[in-house]
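Novice: The structure is given below, and queries will be raised subsequently.
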Amino acid sequence: MVNKLVVGIADMKMARNEGMLITYALGSCVGICLYDPLIRLAALVHVMLPINMETNRKTPLKYADTGIRETLRQMEGRGAARPRIVAKIAGGARMFEVTGGGSLGNIGMRNVESTHMVLRREGIRLLREDVGGTTARTLLFDVESGQACVRSYGKPELIF
Amino acid sequence: MKNYEELNGLELDTIREIGSIGTGNAATALSSILNCEVRIDMPEVRIMGYNEAIEWIGGPEVITAGVLVHMSGEINGIMLSVQQLEFVNMVLERMMGRTISSYEELTELDRSALVEVGNIMISTFVNALSGLAEITTRLTVPAFAVDMQGAILAVPMAEFGGQSDYIMTIGANFICHHQAVPCRLLLSPDIRSLNFLLKKLGVLDGQ
């Protein structure tokens, strides 16, 4: 039985050597798997918004920029080395086609753009991604193999 | 400006009352569409953290239908009608004379019936609310999605996520033919609108 760790919204979990990191129902949210293959340390963070503009920053994991940086900091604290860390991301869909609904429909896209930008700035290589579209995704990450899997409603499973 | 989790008892009671009037009107509208008696039980107002809200609605991966409308004008926010399978079947049975066992069986016509029912209930709710507080509110064209309910519920969360770590929902159970059918009609105003609304109704404490 593989040890399963569930990551909630605005949440992050880390696992080493083996186990499964899972986050359910990513809509416009983005799930970011960060992985150091040499020491088999994996982290999965589920962010909801692109950029942290809070003044007191109570919840860094809610935002792509502070969420990724906080996760990297904790990974390095457990022995990961920046040049080895790679990323796989999923999410950023547009759940509702709203006309004249302000920024609502674009949150997913902005989350993905912000994630790309932060990964580039932090020098993290983005290996694969499954983003955009209009369907929700459940993202699983196998710590031992470094393989990610996306489950969506009415679609075959995607392994990447 | 008061955030969701800072509301006192009187303010919560007022919101519950708004919920009661809104869902009451929505039930009347539903009753005339479906041509059967529809009652509501005690509406509940909940202020929940994100993950708590998703557990409350029945888990993230359960597939559900959602009708979403954006409100703007004096009140900004989102209204969402979450239509779980039981509710969908109640509507389809009365309107189309058939039921489904999974969302994949929905036809184009079924979908437009569900959008229409959701839209009418939301509009009735918002009209009642606007009348009560003497405000004007504009609504967008309804959008429809069938997907994991965690992702559907995350839409209002993401919209107001920069303002709060909590989401406020107002919901009630509908009782049709003595059978309780959970119908989640969720009103999520933004923080500013919530304060404006409470002030308009004369109950905002300490400002």
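Scheme for the structure tokens: letters A, B, ... for chains in order shown; per-chain residue numbers from 1; ligand numbers from 1 in order shown.
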Which residues of chain B come within 10 Å of chain A, and what is each one's closest atom pair and distance in Å (one decimal), counting only C-alpha atoms, sorted by chain and residue number, as CSV?
Specialist:
```
residue,atom,partner,partner_atom,distance
B:Gly49,CA,A:Ile9,CA,9.6
B:Tyr50,CA,A:Ile9,CA,6.6
B:Asn51,CA,A:Gly8,CA,6.2
B:Glu52,CA,A:Gly8,CA,9.6
B:Ile54,CA,A:Ile9,CA,9.7
B:Gly59,CA,A:Tyr24,CA,9.2
B:Pro60,CA,A:Ala25,CA,5.8
B:Glu61,CA,A:Ala25,CA,6.0
B:Val62,CA,A:Ala25,CA,9.2
B:Ile63,CA,A:Tyr153,CA,7.7
B:Gly66,CA,A:Phe96,CA,9.1
B:Val67,CA,A:Phe96,CA,8.8
B:Leu68,CA,A:Phe96,CA,7.5
B:Val69,CA,A:Val98,CA,8.1
B:His70,CA,A:Gly101,CA,6.1
B:Met71,CA,A:Gly101,CA,8.5
B:Ser72,CA,A:Gly101,CA,8.9
B:Ile78,CA,A:Gly101,CA,9.6
B:Glu104,CA,A:Gly154,CA,8.2
B:Leu139,CA,A:Gly101,CA,9.4
B:Thr140,CA,A:Gly100,CA,6.9
B:Val141,CA,A:Thr99,CA,6.9
B:Pro142,CA,A:Val98,CA,7.4
B:Ala143,CA,A:Phe96,CA,5.7
B:Phe144,CA,A:Phe96,CA,6.4
B:Ala145,CA,A:Phe96,CA,6.2
B:Val146,CA,A:Thr135,CA,8.8
B:Asp147,CA,A:Tyr153,CA,6.4
B:Met148,CA,A:Ala25,CA,6.0
B:Gln149,CA,A:Ala25,CA,7.5
B:Gly150,CA,A:Ala25,CA,5.3
B:Ala151,CA,A:Gly27,CA,4.3
B:Ile152,CA,A:Met95,CA,6.8
B:Leu153,CA,A:Gly27,CA,9.0
B:Ala154,CA,A:Gly27,CA,6.9
B:Val155,CA,A:Ser28,CA,7.3
B:Pro156,CA,A:Leu104,CA,8.8
B:Met157,CA,A:Met48,CA,8.5
B:Ala158,CA,A:Met48,CA,6.1
B:Glu159,CA,A:Leu104,CA,6.3
B:Phe160,CA,A:Leu49,CA,9.8
B:Gly161,CA,A:Leu49,CA,7.3
B:Gly162,CA,A:Glu54,CA,7.3
B:Gln163,CA,A:Glu54,CA,8.4
B:Asp165,CA,A:Thr59,CA,8.4
```
Novice: Show me, as a list of chain:residue names, the residues that have an atom within 9 Å of B:Asn127 when counting only C-alpha atoms, minus same-chain residues fewer than 6 positions from it.
Specialist: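 Using only C-alpha atoms, the neighbours found are B:Gly22, B:Asn25, B:Thr136, B:Thr137.
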Novice: Print the selection's residues with N, CA, C and O atoms to a file, as a PDB file, in the first residue's frame.
Specialist:
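Result file result.pdb:
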```
ATOM      1  N   GLY B  22     -34.449  35.117   0.303  1.00  0.00           N
ATOM      2  CA  GLY B  22     -33.962  34.795  -1.035  1.00  0.00           C
ATOM      3  C   GLY B  22     -34.321  33.379  -1.455  1.00  0.00           C
ATOM      4  O   GLY B  22     -34.898  33.158  -2.532  1.00  0.00           O
ATOM      5  N   ASN B  25     -38.096  32.872  -1.967  1.00  0.00           N
ATOM      6  CA  ASN B  25     -38.544  33.332  -3.285  1.00  0.00           C
ATOM      7  C   ASN B  25     -38.112  32.376  -4.387  1.00  0.00           C
ATOM      8  O   ASN B  25     -38.871  32.102  -5.316  1.00  0.00           O
ATOM      9  N   THR B 136     -29.674  48.285  -6.543  1.00  0.00           N
ATOM     10  CA  THR B 136     -29.810  47.708  -7.875  1.00  0.00           C
ATOM     11  C   THR B 136     -28.601  46.810  -8.155  1.00  0.00           C
ATOM     12  O   THR B 136     -27.480  47.134  -7.790  1.00  0.00           O
ATOM     13  N   THR B 137     -28.873  45.700  -8.761  1.00  0.00           N
ATOM     14  CA  THR B 137     -27.821  44.737  -9.059  1.00  0.00           C
ATOM     15  C   THR B 137     -28.003  44.248 -10.480  1.00  0.00           C
ATOM     16  O   THR B 137     -29.121  44.004 -10.905  1.00  0.00           O
TER      17      THR B 137
END
```
Novice: Can you tell me, as a PyMOL selection string, what residues are no more than 12 Å from B:Ile100 when counting only C-alpha atoms, ignoring any on the same chain fewer than 6 positions away?
Specialist: chain B and resi 84-93+106-107+110
Novice: Write a file of the just-selected residues containing N, CA, C and O atoms, as a PDB file, in the first residue's frame.
Specialist:
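Result file part-v6.pdb:
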```pdb
ATOM      1  N   GLN B  84     -26.693  18.983  -7.523  1.00  0.00           N
ATOM      2  CA  GLN B  84     -26.262  17.593  -7.379  1.00  0.00           C
ATOM      3  C   GLN B  84     -27.292  16.690  -8.054  1.00  0.00           C
ATOM      4  O   GLN B  84     -28.409  17.112  -8.351  1.00  0.00           O
ATOM      5  N   LEU B  85     -26.892  15.451  -8.283  1.00  0.00           N
ATOM      6  CA  LEU B  85     -27.684  14.547  -9.124  1.00  0.00           C
ATOM      7  C   LEU B  85     -29.155  14.412  -8.689  1.00  0.00           C
ATOM      8  O   LEU B  85     -30.057  14.384  -9.520  1.00  0.00           O
ATOM      9  N   GLU B  86     -29.381  14.397  -7.385  1.00  0.00           N
ATOM     10  CA  GLU B  86     -30.740  14.302  -6.866  1.00  0.00           C
ATOM     11  C   GLU B  86     -31.607  15.461  -7.348  1.00  0.00           C
ATOM     12  O   GLU B  86     -32.762  15.285  -7.730  1.00  0.00           O
ATOM     13  N   PHE B  87     -31.024  16.652  -7.310  1.00  0.00           N
ATOM     14  CA  PHE B  87     -31.749  17.843  -7.737  1.00  0.00           C
ATOM     15  C   PHE B  87     -31.978  17.819  -9.250  1.00  0.00           C
ATOM     16  O   PHE B  87     -33.065  18.103  -9.739  1.00  0.00           O
ATOM     17  N   VAL B  88     -30.930  17.450  -9.986  1.00  0.00           N
ATOM     18  CA  VAL B  88     -31.028  17.353 -11.441  1.00  0.00           C
ATOM     19  C   VAL B  88     -32.179  16.415 -11.824  1.00  0.00           C
ATOM     20  O   VAL B  88     -33.005  16.732 -12.685  1.00  0.00           O
ATOM     21  N   ASN B  89     -32.240  15.284 -11.135  1.00  0.00           N
ATOM     22  CA  ASN B  89     -33.290  14.315 -11.447  1.00  0.00           C
ATOM     23  C   ASN B  89     -34.680  14.818 -11.101  1.00  0.00           C
ATOM     24  O   ASN B  89     -35.637  14.531 -11.800  1.00  0.00           O
ATOM     25  N   MET B  90     -34.772  15.591 -10.020  1.00  0.00           N
ATOM     26  CA  MET B  90     -36.072  16.160  -9.668  1.00  0.00           C
ATOM     27  C   MET B  90     -36.550  17.093 -10.790  1.00  0.00           C
ATOM     28  O   MET B  90     -37.700  17.040 -11.217  1.00  0.00           O
ATOM     29  N   VAL B  91     -35.640  17.925 -11.286  1.00  0.00           N
ATOM     30  CA  VAL B  91     -35.992  18.855 -12.365  1.00  0.00           C
ATOM     31  C   VAL B  91     -36.336  18.099 -13.644  1.00  0.00           C
ATOM     32  O   VAL B  91     -37.368  18.355 -14.273  1.00  0.00           O
ATOM     33  N   LEU B  92     -35.462  17.154 -14.018  1.00  0.00           N
ATOM     34  CA  LEU B  92     -35.677  16.438 -15.274  1.00  0.00           C
ATOM     35  C   LEU B  92     -36.958  15.615 -15.245  1.00  0.00           C
ATOM     36  O   LEU B  92     -37.679  15.534 -16.244  1.00  0.00           O
ATOM     37  N   GLU B  93     -37.251  15.031 -14.092  1.00  0.00           N
ATOM     38  CA  GLU B  93     -38.444  14.212 -13.988  1.00  0.00           C
ATOM     39  C   GLU B  93     -39.703  15.051 -14.228  1.00  0.00           C
ATOM     40  O   GLU B  93     -40.592  14.646 -14.963  1.00  0.00           O
ATOM     41  N   LEU B 106     -26.754  13.675 -19.927  1.00  0.00           N
ATOM     42  CA  LEU B 106     -27.441  14.947 -20.151  1.00  0.00           C
ATOM     43  C   LEU B 106     -27.431  15.323 -21.627  1.00  0.00           C
ATOM     44  O   LEU B 106     -26.380  15.329 -22.264  1.00  0.00           O
ATOM     45  N   THR B 107     -28.597  15.642 -22.168  1.00  0.00           N
ATOM     46  CA  THR B 107     -28.653  16.106 -23.550  1.00  0.00           C
ATOM     47  C   THR B 107     -28.552  17.626 -23.553  1.00  0.00           C
ATOM     48  O   THR B 107     -28.603  18.258 -22.498  1.00  0.00           O
ATOM     49  N   ASP B 110     -31.576  19.022 -21.901  1.00  0.00           N
ATOM     50  CA  ASP B 110     -31.514  18.887 -20.441  1.00  0.00           C
ATOM     51  C   ASP B 110     -30.652  19.997 -19.851  1.00  0.00           C
ATOM     52  O   ASP B 110     -30.993  20.610 -18.848  1.00  0.00           O
TER      53      ASP B 110
END
```
Novice: Would you mind reading off the distance between atom CA of B:Leu12 and atom CA of B:Leu129, one decimal, in Å?
Specialist: 15.2 Å
Novice: Rank B:Arg39, B:Glu17, B:Glu6, B:Ile33 by their smallest atom-to-atom distance to B:Leu114, using only C-alpha atoms, and report the top residue only.
Specialist: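 Looking only at the distances to B:Leu114, the closest residue turns out to be B:Ile33.
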Novice: Using only C-alpha atoms, which residues sit within 9 Å of B:Ile21 once same-chain residues fewer than 6 positions away are excluded, as a PyMOL selection string?
Specialist: chain B and resi 125+128-129+132
Novice: May I have the selected residues written with N, CA, C and O atoms, as a PDB file, in the first residue's frame?
Specialist:
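For reference, result_33.pdb as written:
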```
ATOM      1  N   PHE B 125     -33.674  35.084  -6.253  1.00  0.00           N
ATOM      2  CA  PHE B 125     -32.952  35.334  -4.996  1.00  0.00           C
ATOM      3  C   PHE B 125     -32.401  36.764  -4.989  1.00  0.00           C
ATOM      4  O   PHE B 125     -32.605  37.521  -4.045  1.00  0.00           O
ATOM      5  N   ALA B 128     -35.048  39.490  -4.711  1.00  0.00           N
ATOM      6  CA  ALA B 128     -35.561  39.614  -3.348  1.00  0.00           C
ATOM      7  C   ALA B 128     -34.568  40.394  -2.488  1.00  0.00           C
ATOM      8  O   ALA B 128     -34.953  41.298  -1.747  1.00  0.00           O
ATOM      9  N   LEU B 129     -33.308  40.045  -2.649  1.00  0.00           N
ATOM     10  CA  LEU B 129     -32.245  40.722  -1.905  1.00  0.00           C
ATOM     11  C   LEU B 129     -32.182  42.207  -2.249  1.00  0.00           C
ATOM     12  O   LEU B 129     -32.091  43.071  -1.374  1.00  0.00           O
ATOM     13  N   LEU B 132     -35.129  44.091  -0.765  1.00  0.00           N
ATOM     14  CA  LEU B 132     -34.979  44.203   0.686  1.00  0.00           C
ATOM     15  C   LEU B 132     -34.036  45.349   1.059  1.00  0.00           C
ATOM     16  O   LEU B 132     -34.300  46.122   1.965  1.00  0.00           O
TER      17      LEU B 132
END
```
Novice: Would you compute the distance between atom CA of A:Met12 and atom CA of A:Leu44? Give it in Å to one decimal.
Specialist: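 Distance between the two atoms: 5.6 Å.
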Novice: Residues at most 9 Å from B:Leu197, counting only C-alpha atoms, excluding those fewer than 5 positions away in the same chain, as a count of residues only?
Specialist: 7
Novice: Among stretch 37-76 of chain B, which residues carry a DSSP assignment of helix (DSSP H, G or I), reported as a list in words?
Specialist: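 DSSP-assigned helix (DSSP H, G or I) residues in stretch 37-76 of chain B: Tyr50, Asn51, Glu52, Ala53, Ile54, Glu55, Trp56 and Ile57 of chain B.
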Novice: Would you save the residues of that selection, restricted to N, CA, C and O atoms, as an mmCIF file, in the first residue's frame?
Specialist:
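The resulting result-v6.cif:
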```cif
data_model
loop_
_atom_site.group_PDB
_atom_site.id
_atom_site.type_symbol
_atom_site.label_atom_id
_atom_site.label_comp_id
_atom_site.auth_asym_id
_atom_site.auth_seq_id
_atom_site.Cartn_x
_atom_site.Cartn_y
_atom_site.Cartn_z
ATOM 1 N N TYR B 50 -11.373 27.079 2.902
ATOM 2 C CA TYR B 50 -11.535 26.471 1.575
ATOM 3 C C TYR B 50 -11.750 24.966 1.632
ATOM 4 O O TYR B 50 -12.671 24.423 1.043
ATOM 5 N N ASN B 51 -10.846 24.292 2.349
ATOM 6 C CA ASN B 51 -10.884 22.836 2.328
ATOM 7 C C ASN B 51 -12.086 22.305 3.097
ATOM 8 O O ASN B 51 -12.684 21.302 2.719
ATOM 9 N N GLU B 52 -12.480 23.058 4.132
ATOM 10 C CA GLU B 52 -13.657 22.717 4.912
ATOM 11 C C GLU B 52 -14.913 22.816 4.030
ATOM 12 O O GLU B 52 -15.786 21.949 4.060
ATOM 13 N N ALA B 53 -14.982 23.867 3.207
ATOM 14 C CA ALA B 53 -16.139 24.086 2.334
ATOM 15 C C ALA B 53 -16.298 22.940 1.343
ATOM 16 O O ALA B 53 -17.408 22.482 1.060
ATOM 17 N N ILE B 54 -15.169 22.440 0.848
ATOM 18 C CA ILE B 54 -15.219 21.366 -0.143
ATOM 19 C C ILE B 54 -15.654 20.055 0.495
ATOM 20 O O ILE B 54 -16.428 19.295 -0.085
ATOM 21 N N GLU B 55 -15.216 19.819 1.737
ATOM 22 C CA GLU B 55 -15.688 18.634 2.457
ATOM 23 C C GLU B 55 -17.180 18.746 2.738
ATOM 24 O O GLU B 55 -17.929 17.790 2.605
ATOM 25 N N TRP B 56 -17.603 19.949 3.108
ATOM 26 C CA TRP B 56 -19.009 20.200 3.466
ATOM 27 C C TRP B 56 -19.934 19.890 2.282
ATOM 28 O O TRP B 56 -21.002 19.317 2.441
ATOM 29 N N ILE B 57 -19.503 20.242 1.085
ATOM 30 C CA ILE B 57 -20.373 20.042 -0.072
ATOM 31 C C ILE B 57 -20.343 18.584 -0.561
ATOM 32 O O ILE B 57 -21.155 18.184 -1.395
#
```
